[in-house]
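Step one of this worksheet: look at the structure below.
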Amino acid sequence: MKPITRLHSRTAVLADENIDTDRIIPARFLTTTTREGLGKLCFHDWRYQADGSDNPAFPLNRPEARGCSILVAGRNFGCGSSREHAPWALLDYGIRAVLCSEIADIFRGNALKNGLLAIAIEELEHRWLLRHPGIELAIDVREQFIALPDGGRIPFRLEPFARHCLLNGVDQLGYLLQHTDQIDAFVRERESQEAAIHGRTLQQNRLRSNGVSA
Amino acid sequence: MSAKTLFEKVWDAHVVVAETAATPAILYVDLHLVHEVTSPQAFSELRERGLSLRRPDRMLATLDHSTPTLPTNADGSRPYANAEAQAQVGQLETNCREFGVELHGWDSADRGIVHVIGPELGATQPGMTIVCGDSHTSTHGAFGALAFGIGTTEVGHVMATQCLLQCKPKTMAIHVDGQLPAGVGAKDLILHIIGTIGVDGGTGYVLEYRGAAIEALSMDERMTVCNMSIEAGARAGLIAPDDTTFAWLKGRPRVPQGAAWDAAVTSWRALRSDDDATYDHEVRIDATAVKPTVTYGTHPGMAIAMDAPVPAATNAQERRALEYMKSQAGKPMQGTPVDVVFVGSCTNSRLSDLREAARVLHGRRIASGVRMLVVPGSEAVRRDAEREGLHHVFTTAGAEWRVPGCSMCIAMNGDLAQPGQLVVSTSNRNFEGRQGKGARTVLASPATAAASAIAGRIADAREYLTTPDHSREQAA
């Protein structure tokens, strides 16, 4: 992941509440085995008409929404499935940030791990942004505020670790792998406890029943 | 030591590195379930980085989402929806072979929906941490496990380290007092709960379902309840294990046997919230007030008793939902014409669900013009159902009896409804287009689904049931 410190863009607005992951990317497109190229499928059934042409009623199809990389969405954006295809599709489509008064848990975690700024803001400011599409915003990840054109600021808060990872482009798997010694120690301790309780470890149970080699 | 909730006990037992102000906890995972849709990119990542699986012995893979539910073609080939679906299944087969993961593929007698086979095999056990790249992993919480869905990046984390980076969620107790009325089941209850707390009412929380009505539920019913925790925004939902749990698990292939079983049960009995434990939030639900419940809108929180009037829209979103569904404010959902009925999914595809539908359908035929699919959750469920002759009840009634898979719940295998069709579905999501572009989904119990198939309209199964319901005793 590349470090992200600031993001500057006009906003596009999808005011609907509870925009679920099936609307972000319909399940029938999940047969892919890669992360790439999902942008053309993003919001597919909302964005296109039956003949494949752009649906003029889809807010992001309006000329003024083109090229906007900050999406202001209705409450509970990303609810539904755990499919990481949702943030992959949004990023490939060109969305770099989603602002919302509440963002579904799994989606938010997936988004931040991919460098998509899924940011929860206060309801009052959220309502204001929903009413003002096309406004120029600058998101400052380090200082945790969103700058408005008139100099006003909307504060937000990311978990410190998520923020650290965004700012420094931290590879979270690399971070976990740095703790291998602690994981090893934990596993030794846990499996000796399990063996004491169950007579043998669950692992041995599994190996015996399946012949899978570890 | 201070009092702990069930969730906190399971969480604390799996903390490898404690959470700090600056860093999340490193949490150990006991069981990692895998299916074809959310794993290929994670396997690719491992290959690119030259990493191996830390604990292939703690992984269990199956084919369910992209798989056809029709039998093999005459030439032995499988009727995949398209080449991509077939390639995706092939990729999981290859990945499992190369990385040494146990796969319940086409030739396995145990293949099925991931959240059905984990418990069936006894791989799901109380006190475990269980993850899968699938939001309905919450199902396994019915056994007192901390089980939740993760994204594909996290699937890669667990593959390589058997751990996840997690911030501790808040806790919410859902006390369900009293007993459910006759003819009202677990699906009605969970739809009622989500309708009460809202589609985002559980966001940021782990739910614990408790109280007399929960204790009276069979394991199948508890799985139905925990399965839909995510539909209220909660990543996980737990129920404390008890004698019902232990009786259900005893003798299953992966659980300890003999003296080790007794020792395991003794340790599992400690997995309940301490009497003086506190939750961040508590909700009380009156089970006696729950009626046969269905959804009327485009998310699972838009749920009401089928005989109650559909609420008027209060905002643009709700107006859009009612328009999409063609639901009319002020009118009940009961009586709405039905095109398709689906009995299946990780929510309601277990033997007791099929029995419930069969009890209503027995000796009857589904209405002309209605298409009904019954899709068992696993090969084991299919065998048991066929042993009891349930498949004859379904096919005699005019329904299709399929082979196991997720099928029309997610509609990515070719099982889908046409634009505008109304589907009464025992699955878990009624999002726009979830069961096919333009399809309208009404979530309901297996009994309601079966009754609606017969009537050709959304119907109350109690009108069709003359014999007493012994399913709860049987299941327990």
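Numbering starts fresh at 1 for the residues of each chain in the structure tokens, the chains themselves are lettered A, B, ... in the order given, and ligands are numbered from 1 as they appear.
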Worksheet entry | Shell around Leu130 (chain A) at 10 Å using only C-alpha atoms, local window under 5 positions removed, as a PyMOL selection string | chain A and resi 11-16+71-74+99-100+125
Please produce a file of the residues just selected, as a short mmCIF file (atom, residue, chain, number, x, y, z; two decimals), in the first residue's frame, where the atoms kept are N, CA and C atoms.
data_model
loop_
_atom_site.label_atom_id
_atom_site.label_comp_id
_atom_site.auth_asym_id
_atom_site.auth_seq_id
_atom_site.Cartn_x
_atom_site.Cartn_y
_atom_site.Cartn_z
N THR A 11 -16.56 16.48 -4.15
CA THR A 11 -17.35 15.35 -3.66
C THR A 11 -18.43 14.97 -4.66
N ALA A 12 -18.73 13.68 -4.66
CA ALA A 12 -19.95 13.18 -5.30
C ALA A 12 -20.80 12.59 -4.18
N VAL A 13 -22.10 12.64 -4.35
CA VAL A 13 -23.00 12.23 -3.27
C VAL A 13 -23.91 11.10 -3.72
N LEU A 14 -23.97 10.05 -2.89
CA LEU A 14 -24.99 9.00 -3.00
C LEU A 14 -25.73 9.01 -1.67
N ALA A 15 -26.86 9.68 -1.63
CA ALA A 15 -27.50 9.98 -0.35
C ALA A 15 -28.24 8.80 0.25
N ASP A 16 -28.49 7.76 -0.52
CA ASP A 16 -29.23 6.62 0.03
C ASP A 16 -28.54 6.07 1.27
N LEU A 71 -16.43 10.26 -2.06
CA LEU A 71 -17.85 9.92 -2.09
C LEU A 71 -18.47 10.20 -0.72
N VAL A 72 -19.51 11.02 -0.71
CA VAL A 72 -20.29 11.22 0.51
C VAL A 72 -21.53 10.34 0.37
N ALA A 73 -21.68 9.38 1.27
CA ALA A 73 -22.75 8.40 1.13
C ALA A 73 -23.66 8.41 2.34
N GLY A 74 -24.90 7.94 2.14
CA GLY A 74 -25.85 7.85 3.25
C GLY A 74 -25.38 6.88 4.32
N LEU A 99 -17.13 9.16 2.89
CA LEU A 99 -17.47 9.89 4.12
C LEU A 99 -18.92 9.59 4.47
N CYS A 100 -19.15 9.33 5.75
CA CYS A 100 -20.44 8.80 6.15
C CYS A 100 -20.55 8.92 7.66
N GLU A 125 -22.43 17.29 10.37
CA GLU A 125 -21.57 17.61 9.23
C GLU A 125 -21.85 16.69 8.04
#
Practice prompt. Select residues of chain B: the criterion is any atom within 7 Å of an atom of chain A, counting only C-alpha atoms; output as a ChimeraX atom specification.
Written response: /B:16,22-24,37-38,40-41,55-57,84-85,88,100,102,133-135,149-152,157,161,200,203-204,231,233,254,256,260-261,263-264,317,410-412,434
Let me see the file: selected residues, N, CA and C atoms, as a compact mmCIF listing (two decimals), in the first residue's frame.
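Listed below is the output, out23.txt:
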# COMPACT_ATOMS: atom_id res chain seq x y z
N VAL B 16 -2.93 -12.91 21.67
CA VAL B 16 -1.50 -13.21 21.59
C VAL B 16 -0.71 -11.99 22.06
N ALA B 22 -2.13 2.38 20.76
CA ALA B 22 -1.62 2.61 19.41
C ALA B 22 -1.82 1.42 18.47
N THR B 23 -2.01 0.24 19.03
CA THR B 23 -2.07 -0.95 18.17
C THR B 23 -3.22 -1.87 18.56
N PRO B 24 -3.82 -2.53 17.59
CA PRO B 24 -4.88 -3.49 17.89
C PRO B 24 -4.29 -4.75 18.52
N VAL B 37 -14.96 -18.21 -3.25
CA VAL B 37 -15.16 -16.83 -3.71
C VAL B 37 -14.16 -15.85 -3.10
N THR B 38 -13.87 -16.00 -1.82
CA THR B 38 -13.08 -14.97 -1.13
C THR B 38 -11.64 -15.40 -0.84
N PRO B 40 -9.27 -16.89 -3.50
CA PRO B 40 -8.23 -17.01 -4.53
C PRO B 40 -7.17 -15.90 -4.46
N GLN B 41 -7.61 -14.66 -4.18
CA GLN B 41 -6.65 -13.56 -4.14
C GLN B 41 -5.70 -13.71 -2.96
N ARG B 55 -0.94 -22.86 9.47
CA ARG B 55 -1.64 -24.01 10.05
C ARG B 55 -2.68 -24.59 9.09
N PRO B 56 -2.23 -25.27 8.05
CA PRO B 56 -3.21 -25.88 7.16
C PRO B 56 -4.13 -26.85 7.89
N ASP B 57 -3.64 -27.38 9.02
CA ASP B 57 -4.47 -28.32 9.79
C ASP B 57 -5.62 -27.63 10.50
N GLU B 84 -16.27 -18.67 -15.76
CA GLU B 84 -15.58 -18.06 -14.61
C GLU B 84 -15.88 -18.84 -13.33
N ALA B 85 -17.15 -19.21 -13.17
CA ALA B 85 -17.54 -19.96 -11.98
C ALA B 85 -16.77 -21.28 -11.92
N GLN B 88 -13.19 -20.64 -11.05
CA GLN B 88 -13.01 -20.28 -9.65
C GLN B 88 -12.99 -21.54 -8.76
N GLY B 100 -1.97 -27.97 0.67
CA GLY B 100 -2.25 -29.00 1.67
C GLY B 100 -3.43 -28.69 2.57
N GLU B 102 -7.39 -29.28 3.58
CA GLU B 102 -8.48 -30.25 3.46
C GLU B 102 -9.67 -29.59 2.76
N GLY B 133 -13.85 -15.89 5.14
CA GLY B 133 -14.13 -14.76 4.27
C GLY B 133 -15.58 -14.78 3.87
N ASP B 134 -16.44 -14.57 4.85
CA ASP B 134 -17.88 -14.70 4.63
C ASP B 134 -18.59 -14.14 5.85
N SER B 135 -19.47 -13.19 5.62
CA SER B 135 -20.06 -12.48 6.76
C SER B 135 -20.98 -13.35 7.61
N GLY B 149 -16.94 -12.82 10.11
CA GLY B 149 -16.50 -12.73 8.73
C GLY B 149 -15.33 -11.77 8.59
N ILE B 150 -14.46 -12.06 7.64
CA ILE B 150 -13.30 -11.22 7.38
C ILE B 150 -13.16 -11.00 5.87
N GLY B 151 -12.41 -9.98 5.50
CA GLY B 151 -12.14 -9.73 4.09
C GLY B 151 -10.99 -10.60 3.59
N THR B 152 -10.76 -10.51 2.30
CA THR B 152 -9.75 -11.38 1.70
C THR B 152 -8.33 -11.05 2.15
N HIS B 157 -3.94 -12.88 6.01
CA HIS B 157 -3.27 -12.75 7.30
C HIS B 157 -3.37 -14.05 8.09
N THR B 161 -0.32 -16.35 9.25
CA THR B 161 0.08 -16.20 10.66
C THR B 161 -0.88 -16.85 11.65
N ASP B 200 -28.51 -1.45 11.37
CA ASP B 200 -27.18 -1.06 11.86
C ASP B 200 -27.14 -1.01 13.39
N THR B 203 -23.92 -2.51 14.86
CA THR B 203 -22.61 -2.11 14.34
C THR B 203 -21.65 -1.77 15.48
N GLY B 204 -20.49 -2.40 15.47
CA GLY B 204 -19.48 -2.14 16.50
C GLY B 204 -19.61 -3.07 17.71
N GLU B 231 -26.77 -9.12 9.88
CA GLU B 231 -27.82 -8.32 9.24
C GLU B 231 -28.27 -7.16 10.13
N GLY B 233 -25.74 -5.60 11.57
CA GLY B 233 -24.47 -4.88 11.58
C GLY B 233 -23.44 -5.45 12.53
N ARG B 254 -15.09 -34.51 14.56
CA ARG B 254 -13.92 -33.74 14.99
C ARG B 254 -13.92 -33.41 16.48
N PRO B 256 -13.62 -34.17 20.57
CA PRO B 256 -12.92 -35.18 21.38
C PRO B 256 -13.87 -36.33 21.71
N ALA B 260 -11.81 -37.72 26.93
CA ALA B 260 -11.45 -36.37 26.47
C ALA B 260 -12.71 -35.54 26.22
N TRP B 261 -13.77 -36.21 25.79
CA TRP B 261 -15.05 -35.50 25.59
C TRP B 261 -15.56 -34.95 26.93
N ALA B 263 -13.91 -34.24 29.54
CA ALA B 263 -13.05 -33.13 29.99
C ALA B 263 -13.36 -31.86 29.22
N ALA B 264 -13.62 -32.04 27.92
CA ALA B 264 -13.93 -30.86 27.09
C ALA B 264 -15.23 -30.23 27.56
N GLN B 317 -35.11 7.04 1.07
CA GLN B 317 -34.59 5.68 1.04
C GLN B 317 -35.72 4.67 1.20
N ILE B 410 -27.47 -16.15 -2.86
CA ILE B 410 -26.54 -15.14 -3.42
C ILE B 410 -26.62 -15.12 -4.93
N ALA B 411 -27.28 -16.12 -5.50
CA ALA B 411 -27.62 -16.11 -6.93
C ALA B 411 -26.42 -15.89 -7.84
N MET B 412 -25.29 -16.52 -7.52
CA MET B 412 -24.13 -16.38 -8.41
C MET B 412 -23.82 -17.70 -9.12
N ARG B 434 -30.36 -8.92 -5.02
CA ARG B 434 -29.60 -9.99 -4.37
C ARG B 434 -29.90 -11.36 -5.01
Worksheet item: Neighbours of Ser69 (chain A) within 6 Å (only C-alpha atoms; same-chain residues fewer than 4 positions away dropped), as a PyMOL selection string?
Response: chain A and resi 9+94-96
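For the pair CA of Leu422 (chain B) and CA of Val370 (chain B), the interatomic distance is 10.0 Å.
The neighbours of Ile146 (chain A) here are the residues that come within 8 Å of it, using only C-alpha atoms and leaving out any residue fewer than 5 positions away in the same chain; they are A:Leu137, A:Ala138, A:Ile139, A:Asp140, A:Arg153, A:Ile154, A:Pro155, A:Phe156.
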Practice prompt. Taking the chain letters and numbering used in this document, name the residues of region 258-439 of chain B that DSSP puts in strand (DSSP E), as a list in words.
Written response: His281, Glu282, Val283, Arg284, Ile285, Asp286, Thr293, Val294, Thr295, Ala303, Ile304, Ala305, Val340, Val341, Phe342, Val343, Arg371, Met372, Leu373, Val374, Glu400, Trp401, Leu422, Val423, Val424 and Ser425 of chain B
Store the residues of this selection in a file with C-alpha atoms, as a PDB file, in the first residue's frame.
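selection-v4.pdb, written as the output of this step:
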ATOM      1  CA  HIS B 281     -25.719  -2.161  25.825  1.00  0.00           C
ATOM      2  CA  GLU B 282     -28.714  -4.365  26.626  1.00  0.00           C
ATOM      3  CA  VAL B 283     -31.948  -4.981  24.751  1.00  0.00           C
ATOM      4  CA  ARG B 284     -35.025  -6.880  25.931  1.00  0.00           C
ATOM      5  CA  ILE B 285     -37.249  -8.752  23.519  1.00  0.00           C
ATOM      6  CA  ASP B 286     -40.570 -10.333  24.485  1.00  0.00           C
ATOM      7  CA  THR B 293     -42.404 -12.259  10.483  1.00  0.00           C
ATOM      8  CA  VAL B 294     -41.371 -11.219   6.972  1.00  0.00           C
ATOM      9  CA  THR B 295     -39.503  -8.355   5.364  1.00  0.00           C
ATOM     10  CA  ALA B 303     -39.229  -6.609   8.947  1.00  0.00           C
ATOM     11  CA  ILE B 304     -42.714  -6.855  10.446  1.00  0.00           C
ATOM     12  CA  ALA B 305     -45.339  -9.427  11.392  1.00  0.00           C
ATOM     13  CA  VAL B 340     -40.716 -18.008  -6.560  1.00  0.00           C
ATOM     14  CA  VAL B 341     -40.086 -19.745  -3.236  1.00  0.00           C
ATOM     15  CA  PHE B 342     -36.592 -20.620  -2.058  1.00  0.00           C
ATOM     16  CA  VAL B 343     -35.876 -22.899   0.895  1.00  0.00           C
ATOM     17  CA  ARG B 371     -41.534 -22.078  -8.828  1.00  0.00           C
ATOM     18  CA  MET B 372     -40.073 -23.585  -5.667  1.00  0.00           C
ATOM     19  CA  LEU B 373     -36.474 -24.616  -5.043  1.00  0.00           C
ATOM     20  CA  VAL B 374     -35.439 -26.658  -2.030  1.00  0.00           C
ATOM     21  CA  GLU B 400     -37.357 -28.809  -7.286  1.00  0.00           C
ATOM     22  CA  TRP B 401     -35.018 -30.824  -5.049  1.00  0.00           C
ATOM     23  CA  LEU B 422     -41.302 -11.814  -5.903  1.00  0.00           C
ATOM     24  CA  VAL B 423     -39.325 -14.438  -4.014  1.00  0.00           C
ATOM     25  CA  VAL B 424     -40.287 -15.700  -0.587  1.00  0.00           C
ATOM     26  CA  SER B 425     -36.889 -16.808   0.612  1.00  0.00           C
TER      27      SER B 425
END
